[in-house]
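Trainee: Got a structure for you, upload-v5.cif, holding mmCIF, C-alpha atoms.
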data_protein
loop_
_atom_site.label_atom_id
_atom_site.label_comp_id
_atom_site.auth_asym_id
_atom_site.auth_seq_id
_atom_site.Cartn_x
_atom_site.Cartn_y
_atom_site.Cartn_z
CA MET A 1 113.00 91.79 65.41
CA GLY A 2 112.14 93.36 68.72
CA ALA A 3 110.58 92.85 72.12
CA LYS A 4 107.25 93.68 73.68
CA ILE A 5 105.49 93.49 77.04
CA SER A 6 102.88 90.81 76.30
CA ARG A 7 101.17 90.62 79.65
CA ILE A 8 101.36 91.89 83.23
CA GLU A 9 99.83 90.55 86.43
CA TYR A 10 100.30 91.71 89.98
CA TYR A 11 99.72 90.47 93.49
CA LEU A 12 98.95 92.53 96.60
CA PRO A 13 99.17 90.87 100.00
CA GLY A 14 95.89 90.66 101.92
CA SER A 15 96.72 92.72 104.99
CA VAL A 16 95.93 96.43 104.63
CA LEU A 17 97.42 99.30 106.65
CA SER A 18 95.11 102.31 106.39
CA ASN A 19 95.61 105.92 107.37
CA GLU A 20 93.12 105.29 110.19
CA ASP A 21 95.32 102.45 111.48
CA LEU A 22 98.33 104.76 111.46
CA VAL A 23 96.53 107.59 113.23
CA ASP A 24 95.38 105.13 115.93
CA GLN A 25 99.03 104.45 116.67
CA HIS A 26 100.16 108.07 116.19
CA PRO A 27 97.38 110.45 117.30
CA GLU A 28 99.46 113.52 116.39
CA TRP A 29 99.43 112.51 112.74
CA ASN A 30 97.14 114.17 110.17
CA PRO A 31 95.64 111.53 107.85
CA GLN A 32 93.70 114.02 105.68
CA LYS A 33 96.85 115.99 104.93
CA VAL A 34 98.77 112.83 104.06
CA GLU A 35 96.03 111.55 101.76
CA LYS A 36 95.70 114.92 100.03
CA LYS A 37 99.41 115.67 99.58
CA VAL A 38 101.09 112.27 99.52
CA GLY A 39 98.16 110.63 97.72
CA ILE A 40 98.10 107.46 99.81
CA ARG A 41 95.16 105.98 101.78
CA ASN A 42 96.06 102.28 102.10
CA ARG A 43 99.12 100.08 101.78
CA HIS A 44 99.16 96.30 101.48
CA ILE A 45 101.54 94.59 103.89
CA ALA A 46 102.96 91.08 103.60
CA LEU A 47 102.25 88.64 106.43
CA PRO A 48 105.22 88.03 108.75
CA GLU A 49 106.05 84.71 107.05
CA GLU A 50 105.17 85.90 103.53
CA THR A 51 108.13 86.95 101.38
CA ALA A 52 108.68 88.94 98.20
CA LEU A 53 109.41 85.67 96.43
CA ASP A 54 106.13 84.12 97.66
CA MET A 55 104.25 87.12 96.26
CA ALA A 56 106.17 87.11 92.96
CA VAL A 57 105.35 83.42 92.53
CA LYS A 58 101.66 84.25 93.09
CA ALA A 59 101.81 87.04 90.49
CA ALA A 60 103.47 84.63 88.03
CA GLU A 61 100.80 81.99 88.68
CA LYS A 62 98.18 84.55 87.64
CA LEU A 63 100.17 85.10 84.46
CA PHE A 64 100.29 81.36 83.77
CA VAL A 65 96.50 81.15 83.66
CA SER A 66 96.86 82.42 80.10
CA VAL A 67 100.54 81.78 79.31
CA ASP A 68 102.20 78.38 78.88
CA PRO A 69 105.00 78.18 81.51
CA ASN A 70 107.01 75.94 79.17
CA THR A 71 107.56 78.89 76.84
CA ILE A 72 109.57 80.78 79.50
CA ASP A 73 113.29 80.64 78.73
CA PHE A 74 114.64 83.24 81.17
CA VAL A 75 113.63 84.47 84.64
CA LEU A 76 114.70 87.86 85.97
CA PHE A 77 113.70 88.75 89.51
CA CYS A 78 114.12 92.32 90.72
CA THR A 79 114.10 92.46 94.52
CA GLN A 80 115.88 94.01 97.48
CA SER A 81 114.10 91.60 99.83
CA PRO A 82 115.44 88.20 98.70
CA ASP A 83 114.51 85.15 100.79
CA HIS A 84 118.19 84.40 101.39
CA LEU A 85 121.59 85.95 100.82
CA LEU A 86 121.99 82.77 98.83
CA PRO A 87 120.62 80.89 96.96
CA THR A 88 119.15 83.15 94.29
CA SER A 89 115.41 83.71 94.63
CA ALA A 90 114.89 83.39 90.84
CA CYS A 91 116.28 79.84 91.03
CA ILE A 92 113.74 78.97 93.74
CA ALA A 93 111.03 80.59 91.60
CA GLN A 94 112.00 78.35 88.66
CA GLU A 95 111.35 75.26 90.79
CA ARG A 96 108.18 76.53 92.45
CA LEU A 97 106.66 77.61 89.15
CA GLY A 98 107.54 74.31 87.48
CA LEU A 99 109.55 76.01 84.74
CA ARG A 100 111.98 74.18 82.48
CA THR A 101 115.49 73.62 83.85
CA ASN A 102 117.27 74.51 80.60
CA ILE A 103 116.61 78.22 81.14
CA GLY A 104 118.50 81.13 82.71
CA ALA A 105 117.41 82.68 85.99
CA MET A 106 118.89 85.46 88.08
CA ASP A 107 118.06 88.12 90.65
CA PHE A 108 119.05 91.73 90.36
CA ASN A 109 119.04 94.15 93.24
CA LEU A 110 117.43 97.48 92.36
CA GLY A 111 114.58 99.48 93.85
CA CYS A 112 112.40 102.08 92.20
CA SER A 113 114.36 102.04 88.93
CA GLY A 114 114.23 98.23 88.79
CA TYR A 115 111.42 97.67 86.31
CA ILE A 116 113.11 99.88 83.72
CA TYR A 117 116.35 97.92 84.12
CA GLY A 118 114.36 94.68 83.90
CA LEU A 119 112.91 95.82 80.58
CA ALA A 120 116.38 96.82 79.34
CA LEU A 121 117.82 93.41 80.29
CA SER A 122 114.84 91.54 78.80
CA LYS A 123 115.10 93.45 75.53
CA SER A 124 118.84 92.74 75.37
CA LEU A 125 118.35 89.03 76.00
CA ILE A 126 115.68 88.84 73.30
CA GLU A 127 117.48 90.93 70.69
CA SER A 128 120.71 88.97 71.19
CA GLY A 129 118.79 85.74 70.54
CA MET A 130 119.44 84.35 74.03
CA ALA A 131 115.77 84.27 75.00
CA ALA A 132 112.34 84.54 73.40
CA ASN A 133 110.07 84.76 76.46
CA VAL A 134 111.44 86.43 79.57
CA LEU A 135 109.52 86.21 82.85
CA LEU A 136 110.30 89.53 84.52
CA LEU A 137 109.36 89.47 88.19
CA THR A 138 109.42 92.29 90.74
CA GLY A 139 108.72 91.78 94.42
CA GLU A 140 109.32 93.94 97.45
CA THR A 141 108.57 93.85 101.18
CA TYR A 142 110.12 97.05 102.59
CA SER A 143 107.62 96.61 105.47
CA LYS A 144 110.00 94.04 106.93
CA PHE A 145 112.69 96.74 107.25
CA MET A 146 110.53 99.25 109.14
CA ALA A 147 110.01 99.72 112.87
CA VAL A 148 106.42 100.16 114.08
CA SER A 149 107.43 103.63 115.30
CA ASP A 150 108.69 104.67 111.83
CA ILE A 151 105.56 106.56 110.80
CA SER A 152 107.24 108.40 107.89
CA ASN A 153 108.29 105.31 105.98
CA ARG A 154 105.27 103.24 107.02
CA SER A 155 102.96 105.90 105.61
CA ILE A 156 104.68 105.76 102.22
CA PHE A 157 105.78 102.22 101.37
CA GLY A 158 103.56 99.24 100.54
CA ASP A 159 104.41 95.64 99.61
CA ALA A 160 103.59 94.07 96.24
CA ALA A 161 104.83 91.81 93.48
CA THR A 162 104.38 91.74 89.71
CA ALA A 163 105.01 89.36 86.83
CA SER A 164 105.51 90.51 83.24
CA LEU A 165 105.97 88.44 80.13
CA ILE A 166 108.43 90.08 77.76
CA SER A 167 108.34 88.36 74.38
CA LYS A 168 110.08 88.42 71.03
CA SER A 169 108.01 90.33 68.48
CA ASP A 170 108.22 91.31 64.82
CA ASN A 171 108.25 95.00 65.62
CA ASP A 172 110.14 96.69 68.40
CA HIS A 173 107.67 97.79 71.05
CA ILE A 174 110.30 98.65 73.66
CA GLY A 175 112.24 101.73 72.63
CA GLU A 176 115.65 103.15 73.46
CA PHE A 177 116.76 103.45 77.09
CA VAL A 178 118.47 106.18 79.04
CA LEU A 179 120.00 104.82 82.25
CA GLY A 180 121.87 106.51 85.07
CA THR A 181 123.68 105.77 88.31
CA ASP A 182 125.20 107.84 91.09
CA GLY A 183 126.45 105.89 94.10
CA LYS A 184 127.04 109.05 96.12
CA GLY A 185 123.36 108.80 97.11
CA ALA A 186 123.83 105.36 98.68
CA GLU A 187 123.60 106.59 102.26
CA ASN A 188 120.35 108.50 101.64
CA LEU A 189 118.19 105.41 101.14
CA ILE A 190 119.61 102.41 102.91
CA VAL A 191 118.76 99.49 105.19
CA ARG A 192 120.81 100.02 108.33
CA ASN A 193 121.96 97.70 111.15
CA ILE A 194 122.81 94.78 108.89
CA ASN A 195 125.76 94.60 106.55
CA ALA A 196 128.69 92.48 105.43
CA GLN A 197 131.14 94.61 107.46
CA ASN A 198 129.55 93.11 110.59
CA ALA A 199 129.22 89.65 109.06
CA PHE A 200 125.45 90.26 108.79
CA ARG A 201 125.10 90.06 112.58
CA LEU A 202 122.51 92.23 114.25
CA THR A 203 123.83 93.80 117.41
CA ASP A 204 122.01 94.93 120.58
CA GLY A 205 118.72 93.36 119.55
CA LYS A 206 118.41 95.81 116.64
CA SER A 207 116.42 95.06 113.52
CA PRO A 208 117.16 95.93 109.91
CA GLU A 209 115.96 99.52 109.57
CA LEU A 210 115.05 101.40 106.42
CA TYR A 211 116.48 104.92 106.48
CA MET A 212 115.37 107.49 103.93
CA ASN A 213 116.66 111.05 103.81
CA GLY A 214 113.50 112.46 102.24
CA PRO A 215 114.77 115.96 101.41
CA GLU A 216 117.94 114.61 99.74
CA ILE A 217 115.93 112.07 97.73
CA PHE A 218 113.62 114.89 96.67
CA ASN A 219 116.63 117.02 95.66
CA PHE A 220 118.02 114.14 93.62
CA THR A 221 114.67 113.57 91.92
CA ILE A 222 114.03 117.16 90.91
CA GLU A 223 117.59 117.57 89.59
CA THR A 224 117.73 114.26 87.70
CA ILE A 225 114.31 113.37 86.34
CA PRO A 226 113.41 116.42 84.20
CA PRO A 227 116.62 116.03 82.12
CA LEU A 228 116.06 112.24 82.02
CA VAL A 229 112.63 112.69 80.44
CA GLY A 230 114.08 115.16 77.94
CA ALA A 231 116.92 112.78 77.06
CA VAL A 232 114.69 109.74 76.53
CA CYS A 233 112.46 111.75 74.17
CA VAL A 234 115.50 112.86 72.14
CA LYS A 235 116.88 109.31 72.04
CA ASN A 236 113.54 107.95 70.82
CA ARG A 237 113.15 110.87 68.37
CA ILE A 238 109.80 111.95 69.71
CA ALA A 239 108.55 115.32 70.92
CA LYS A 240 107.52 115.39 74.58
CA ASN A 241 103.98 116.40 73.59
CA ASP A 242 103.63 113.44 71.20
CA VAL A 243 103.92 110.95 74.04
CA ASP A 244 100.42 109.55 74.69
CA TYR A 245 100.85 108.69 78.36
CA VAL A 246 103.49 109.07 81.06
CA ILE A 247 104.07 106.67 83.93
CA LEU A 248 106.64 107.93 86.39
CA HIS A 249 107.61 105.79 89.35
CA GLN A 250 104.73 106.33 91.80
CA ALA A 251 106.90 107.59 94.66
CA ASN A 252 104.27 109.91 96.06
CA LYS A 253 101.72 112.33 94.64
CA TYR A 254 103.58 115.43 95.73
CA ILE A 255 106.79 114.52 93.90
CA ILE A 256 104.97 113.43 90.73
CA GLU A 257 102.93 116.63 90.57
CA PHE A 258 106.09 118.68 91.01
CA LEU A 259 107.82 116.75 88.20
CA ILE A 260 104.82 117.10 85.88
CA SER A 261 104.78 120.87 86.31
CA THR A 262 108.57 121.26 86.10
CA ILE A 263 108.88 119.12 82.96
CA GLY A 264 105.82 120.80 81.44
CA LEU A 265 103.80 117.63 80.87
CA ASP A 266 100.05 117.57 80.34
CA PRO A 267 98.69 116.39 83.72
CA SER A 268 95.78 114.59 82.01
CA LYS A 269 98.31 112.32 80.29
CA CYS A 270 100.22 111.46 83.46
CA HIS A 271 99.51 108.59 85.79
CA ILE A 272 99.04 109.42 89.48
CA ASP A 273 97.61 106.56 91.48
CA MET A 274 99.11 105.13 94.61
CA LEU A 275 96.01 105.71 96.77
CA GLU A 276 95.39 102.02 97.47
CA TYR A 277 98.97 100.75 97.14
CA GLY A 278 101.44 103.29 98.50
CA ASN A 279 104.92 103.40 97.00
CA THR A 280 105.56 99.75 96.09
CA VAL A 281 109.14 100.38 94.87
CA SER A 282 109.94 98.37 91.70
CA ASN A 283 106.28 97.34 91.43
CA THR A 284 104.75 100.78 90.85
CA ILE A 285 105.41 100.98 87.10
CA PRO A 286 104.08 97.51 86.12
CA ILE A 287 101.06 98.00 88.42
CA ALA A 288 100.38 101.40 86.81
CA LEU A 289 100.80 99.93 83.31
CA LYS A 290 98.31 97.15 83.98
CA ASP A 291 95.82 99.48 85.68
CA SER A 292 96.09 101.99 82.81
CA TRP A 293 95.42 99.24 80.28
CA ASP A 294 92.52 97.74 82.26
CA ARG A 295 90.94 101.18 82.73
CA GLY A 296 91.30 102.09 79.05
CA LEU A 297 93.71 104.95 79.75
CA ILE A 298 96.13 103.44 77.23
CA LYS A 299 95.33 101.51 74.07
CA THR A 300 97.12 99.57 71.35
CA GLY A 301 99.58 101.77 69.50
CA ASP A 302 100.00 104.35 72.28
CA LYS A 303 103.49 105.60 73.06
CA VAL A 304 104.00 105.44 76.82
CA LEU A 305 106.98 107.00 78.57
CA LEU A 306 108.18 105.10 81.65
CA ALA A 307 110.69 106.43 84.18
CA GLY A 308 111.98 104.92 87.41
CA PHE A 309 114.28 106.52 89.97
CA GLY A 310 115.45 106.04 93.52
CA VAL A 311 117.67 103.93 95.76
CA GLY A 312 121.29 103.71 94.61
CA TYR A 313 120.91 106.37 93.29
CA SER A 314 119.72 104.64 90.15
CA TRP A 315 117.44 105.86 87.40
CA GLY A 316 116.22 104.87 83.97
CA SER A 317 113.64 105.64 81.33
CA THR A 318 112.28 104.28 78.09
CA ILE A 319 109.33 104.73 75.75
CA ILE A 320 107.20 101.70 74.90
CA ARG A 321 104.58 101.25 72.21
CA VAL A 322 101.56 99.43 73.60
CA MET B 1 113.19 139.73 101.59
CA ASN B 2 109.42 140.43 101.66
CA GLU B 3 109.00 138.68 98.36
CA PHE B 4 110.84 135.66 99.74
CA ILE B 5 108.71 135.66 102.90
CA ASP B 6 105.56 135.63 100.73
CA LYS B 7 106.77 132.60 98.83
CA PHE B 8 107.98 130.91 102.01
CA SER B 9 104.59 131.60 103.61
CA GLU B 10 102.78 130.03 100.69
CA ALA B 11 104.97 126.91 100.71
CA LEU B 12 104.58 126.50 104.46
CA GLU B 13 100.85 127.34 104.47
CA LYS B 14 101.53 129.85 107.26
CA GLU B 15 100.40 133.48 107.31
CA ALA B 16 103.15 135.82 106.09
CA SER B 17 102.33 138.16 109.00
CA GLU B 18 103.38 135.37 111.37
CA ILE B 19 106.80 135.05 109.76
CA ASP B 20 109.75 137.18 110.85
CA SER B 21 113.13 137.04 109.15
CA ASN B 22 114.79 136.19 112.47
CA ASP B 23 112.51 133.21 113.17
CA LYS B 24 114.06 129.78 113.44
CA PHE B 25 111.77 128.15 110.91
CA ARG B 26 112.20 124.62 112.29
CA ASP B 27 110.38 125.76 115.42
CA TYR B 28 107.19 126.49 113.47
CA GLU B 29 104.27 124.22 114.22
CA GLU B 30 103.80 123.87 110.45
CA TRP B 31 107.36 122.54 109.95
CA ASP B 32 107.06 118.83 109.15
CA SER B 33 108.43 116.46 106.52
CA LEU B 34 105.89 117.66 103.94
CA ALA B 35 106.72 121.31 104.66
CA VAL B 36 110.37 120.53 103.91
CA LEU B 37 109.41 119.17 100.48
CA SER B 38 107.22 122.22 99.82
CA VAL B 39 110.07 124.59 100.66
CA ILE B 40 112.55 122.62 98.51
CA ALA B 41 110.05 122.73 95.63
CA MET B 42 109.44 126.46 96.11
CA ILE B 43 113.18 127.23 96.06
CA LYS B 44 113.77 125.09 92.97
CA GLN B 45 110.82 126.63 91.10
CA ASN B 46 111.55 130.25 91.97
CA TYR B 47 115.34 130.33 92.25
CA GLY B 48 116.43 127.30 90.20
CA ILE B 49 118.57 125.71 92.91
CA THR B 50 118.50 122.81 95.31
CA ILE B 51 120.29 123.15 98.64
CA PRO B 52 122.38 120.13 99.71
CA ARG B 53 121.10 118.71 103.01
CA LYS B 54 124.32 119.42 104.92
CA GLU B 55 124.21 123.08 103.96
CA PHE B 56 120.48 123.28 104.53
CA ASP B 57 120.97 121.95 108.07
CA SER B 58 123.31 124.87 108.81
CA LEU B 59 120.66 127.43 107.83
CA LEU B 60 118.66 128.27 110.94
CA THR B 61 116.59 131.38 110.34
CA VAL B 62 114.37 132.59 107.52
CA GLU B 63 117.02 135.21 106.80
CA ASP B 64 119.77 132.52 106.61
CA LEU B 65 117.69 130.76 103.97
CA HIS B 66 117.11 133.98 102.05
CA ASN B 67 120.80 134.91 102.15
CA TYR B 68 121.88 131.48 100.98
CA ILE B 69 119.52 131.64 98.02
CA SER B 70 120.61 135.18 97.11
CA ALA B 71 124.24 134.06 97.09
CA ASN B 72 123.71 130.83 95.15
CA LYS B 73 120.78 131.30 92.78
CA GLY B 74 121.39 130.71 89.09
#
For the structure just supplied, provide its representation as structure tokens.
Mentor:
Amino acid sequence: MGAKISRIEYYLPGSVLSNEDLVDQHPEWNPQKVEKKVGIRNRHIALPEETALDMAVKAAEKLFVSVDPNTIDFVLFCTQSPDHLLPTSACIAQERLGLRTNIGAMDFNLGCSGYIYGLALSKSLIESGMAANVLLLTGETYSKFMAVSDISNRSIFGDAATASLISKSDNDHIGEFVLGTDGKGAENLIVRNINAQNAFRLTDGKSPELYMNGPEIFNFTIETIPPLVGAVCVKNRIAKNDVDYVILHQANKYIIEFLISTIGLDPSKCHIDMLEYGNTVSNTIPIALKDSWDRGLIKTGDKVLLAGFGVGYSWGSTIIRV
Amino acid sequence: MNEFIDKFSEALEKEASEIDSNDKFRDYEEWDSLAVLSVIAMIKQNYGITIPRKEFDSLLTVEDLHNYISANKG
């Protein structure tokens, strides 16, 4: 017995922030350079009243066009933008999606590594017999944590949500995982100005503010991800060159190209596409998986290496068979 | 040092002739957030090290950077 990703759908909010929009607000900015190096032209941004949960519900509704919601027996929602501190967004999703009440549902708070952890949890739930059809949701609205003046982060991050159905299968389609954590990077990617130490009160009219120490995150990535890819190949007993396709977290084009060359991967087998989405945090890997499938870049039987990394620090990788 | 300046020049997309070892590289017009990533990548690729941010912040001139790498490279 094993688990497989049966289906993926995603939802992008309607509002688009283009490089032209950004340059209107920041004339000193060079949109051509950003598009060429960072690989981003547009980002989708949630409406002020639209939340990560709203978007995840919409992604799930797309999934339920072809999947019977009554088959879902566990909901996992990966988000760092929950509607409330409490209650749990996954519980609200259960009600809004009209799912059965005799099922489990929980949120987990991870960023760019989140989809890999979601797959690891789903596989564990299925292989332990606790669930047969897990609805794995990701949803993120980092845009709500960014000031209008924060051109660096606004040029990189986009909002999105995804819904994946992870089902019990005869053969194991989700391979072995390598996971990692290092909390010493906590301060390098963090939402500031709101925390439990201040009883979640915002002082001096400040807003929650996303802070990213780009160089330190880059250092972390180039030190951690090449060995991670090596380790996941060893654990799955496969040579790096026998992997059919590689989907790294779509952080930005520059970082991915550096990783591809450092690891020694074949660039033609590696996914690089965040042009119309930006870095959508935990959504990049499921979006890339669905796009790759829809565009015929991956086909049944292919071995696809997935790796996520970022805020925490947290990282993880696995190899799936499509 | 010349070899380092060549690599630094390439990463920064700035003519090597316009780079002096005593220059404070953060004052260069070309120095932006993408240039930082390019320089980090160049150092990792050529010298096998990453420089922790706190230490990097204390390096002011091109020569400081070169000396740090010489002392710490693998």
Trainee: Could you list, as a ChimeraX atom specification, every residue of chain A that has an atom within 9 Å of an atom of chain B, counting all atoms listed in the file?
Mentor: /A:34,37-38,152,213-216,218-220,222-223,254-255,258,262
Trainee: For this structure, which residues satisfy the selection - the PyMOL selection byres ((chain A and resi 20) around 12) - when it is evaluated on the file as given? I want them as a list in words.
Mentor: Val16, Leu17, Ser18, Asn19, Asp21, Leu22, Val23, Asp24, Gln25, His26, Pro27, Trp29, Asn30, Pro31, Gln32, Val34, Glu35, Ile40, Arg41, Asn42, Arg43 and Ser155 of chain A
Trainee: Mind giving me the straight-line distance from CA of Gly205 (chain A) to CA of Pro48 (chain A) in Å, one decimal?
Mentor: 18.1 Å
Trainee: Can you translate the PyMOL selection byres ((chain A and resi 74) around 9) into the concrete residues it hits in this file, as a ChimeraX atom specification?
Mentor: /A:72-73,75-76,103-106,122,125,130-136
Trainee: Just the selected residues (C-alpha atoms), exported as a PDB file, keeping the file's coordinate frame, please.
Mentor:
ATOM      1  CA  ILE A  72     109.570  80.780  79.500  1.00  0.00           C
ATOM      2  CA  ASP A  73     113.290  80.640  78.730  1.00  0.00           C
ATOM      3  CA  VAL A  75     113.630  84.470  84.640  1.00  0.00           C
ATOM      4  CA  LEU A  76     114.700  87.860  85.970  1.00  0.00           C
ATOM      5  CA  ILE A 103     116.610  78.220  81.140  1.00  0.00           C
ATOM      6  CA  GLY A 104     118.500  81.130  82.710  1.00  0.00           C
ATOM      7  CA  ALA A 105     117.410  82.680  85.990  1.00  0.00           C
ATOM      8  CA  MET A 106     118.890  85.460  88.080  1.00  0.00           C
ATOM      9  CA  SER A 122     114.840  91.540  78.800  1.00  0.00           C
ATOM     10  CA  LEU A 125     118.350  89.030  76.000  1.00  0.00           C
ATOM     11  CA  MET A 130     119.440  84.350  74.030  1.00  0.00           C
ATOM     12  CA  ALA A 131     115.770  84.270  75.000  1.00  0.00           C
ATOM     13  CA  ALA A 132     112.340  84.540  73.400  1.00  0.00           C
ATOM     14  CA  ASN A 133     110.070  84.760  76.460  1.00  0.00           C
ATOM     15  CA  VAL A 134     111.440  86.430  79.570  1.00  0.00           C
ATOM     16  CA  LEU A 135     109.520  86.210  82.850  1.00  0.00           C
ATOM     17  CA  LEU A 136     110.300  89.530  84.520  1.00  0.00           C
TER      18      LEU A 136
END
Trainee: Taking (101.2, 102.8, 91.7) in the file's own coordinates, collect the residues within 9 Å, counting all atoms listed in the file, and hand them back as a ChimeraX atom specification.
Mentor: /A:249-252,271-281,283-289,291
Trainee: For the residues selected in the previous step, produce a file with C-alpha atoms as a PDB file, in the frame of the given file.
Mentor:
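Saved to part_30.pdb:
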ATOM      1  CA  HIS A 249     107.610 105.790  89.350  1.00  0.00           C
ATOM      2  CA  GLN A 250     104.730 106.330  91.800  1.00  0.00           C
ATOM      3  CA  ALA A 251     106.900 107.590  94.660  1.00  0.00           C
ATOM      4  CA  ASN A 252     104.270 109.910  96.060  1.00  0.00           C
ATOM      5  CA  HIS A 271      99.510 108.590  85.790  1.00  0.00           C
ATOM      6  CA  ILE A 272      99.040 109.420  89.480  1.00  0.00           C
ATOM      7  CA  ASP A 273      97.610 106.560  91.480  1.00  0.00           C
ATOM      8  CA  MET A 274      99.110 105.130  94.610  1.00  0.00           C
ATOM      9  CA  LEU A 275      96.010 105.710  96.770  1.00  0.00           C
ATOM     10  CA  GLU A 276      95.390 102.020  97.470  1.00  0.00           C
ATOM     11  CA  TYR A 277      98.970 100.750  97.140  1.00  0.00           C
ATOM     12  CA  GLY A 278     101.440 103.290  98.500  1.00  0.00           C
ATOM     13  CA  ASN A 279     104.920 103.400  97.000  1.00  0.00           C
ATOM     14  CA  THR A 280     105.560  99.750  96.090  1.00  0.00           C
ATOM     15  CA  VAL A 281     109.140 100.380  94.870  1.00  0.00           C
ATOM     16  CA  ASN A 283     106.280  97.340  91.430  1.00  0.00           C
ATOM     17  CA  THR A 284     104.750 100.780  90.850  1.00  0.00           C
ATOM     18  CA  ILE A 285     105.410 100.980  87.100  1.00  0.00           C
ATOM     19  CA  PRO A 286     104.080  97.510  86.120  1.00  0.00           C
ATOM     20  CA  ILE A 287     101.060  98.000  88.420  1.00  0.00           C
ATOM     21  CA  ALA A 288     100.380 101.400  86.810  1.00  0.00           C
ATOM     22  CA  LEU A 289     100.800  99.930  83.310  1.00  0.00           C
ATOM     23  CA  ASP A 291      95.820  99.480  85.680  1.00  0.00           C
TER      24      ASP A 291
END
Trainee: List the residues selected by the PyMOL selection byres ((chain A and resi 296-312) around 6) in the file shown, writing them as a PyMOL selection string.
Mentor: chain A and resi 111-113+183+186+189+243-249+292-295+313-322
Trainee: Which of these residues is nearest to Ser58 (chain B), using all atoms listed in the file: B:Ile43, B:Glu30, B:Phe8, B:Lys24?
Mentor: B:Lys24
Trainee: To one decimal in Å, tell me the separation between CA of Leu47 (chain A) and CA of Gly14 (chain A).
Mentor: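 Those two atoms sit 8.1 Å apart.
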Trainee: What is the distance between CA of Cys270 (chain A) and CA of Leu228 (chain A), in Å to one decimal?
Mentor: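 Computing it gives 15.9 Å between the two atoms.
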Trainee: Measuring atom to atom with only C-alpha atoms, identify which of A:Ile92, A:Pro13, A:Phe77, A:Glu209 is nearest to Asp150 (chain A).
Mentor: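 Looking only at the distances to Asp150 (chain A), the closest residue turns out to be A:Glu209.
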Trainee: I'd like the neighbourhood of Lys73 (chain B) as a list in words, where a residue qualifies if any of its atoms comes within 9 Å (using all atoms listed in the file), though same-chain residues fewer than 2 positions away should be ignored.
Mentor: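 Non-adjacent residues within range: Tyr47, Gly48, Ile49, Tyr68, Ile69, Ser70 and Ala71 of chain B.
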Trainee: Tell me, as a ChimeraX atom specification, which residues lie within 12 Å of Tyr28 (chain B), counting all atoms listed in the file; anything in the same chain fewer than 3 positions away does not count.
Mentor: /B:9,12-15,18-20,23-25,31-32,35-36,60-62
Trainee: Which is closest to Leu119 (chain A) among A:Thr88, A:Ser207, A:Asn193, A:Ser167, if we use all atoms listed in the file?
Mentor: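 Residue with the minimum atom-to-atom distance to Leu119 (chain A): A:Ser167.
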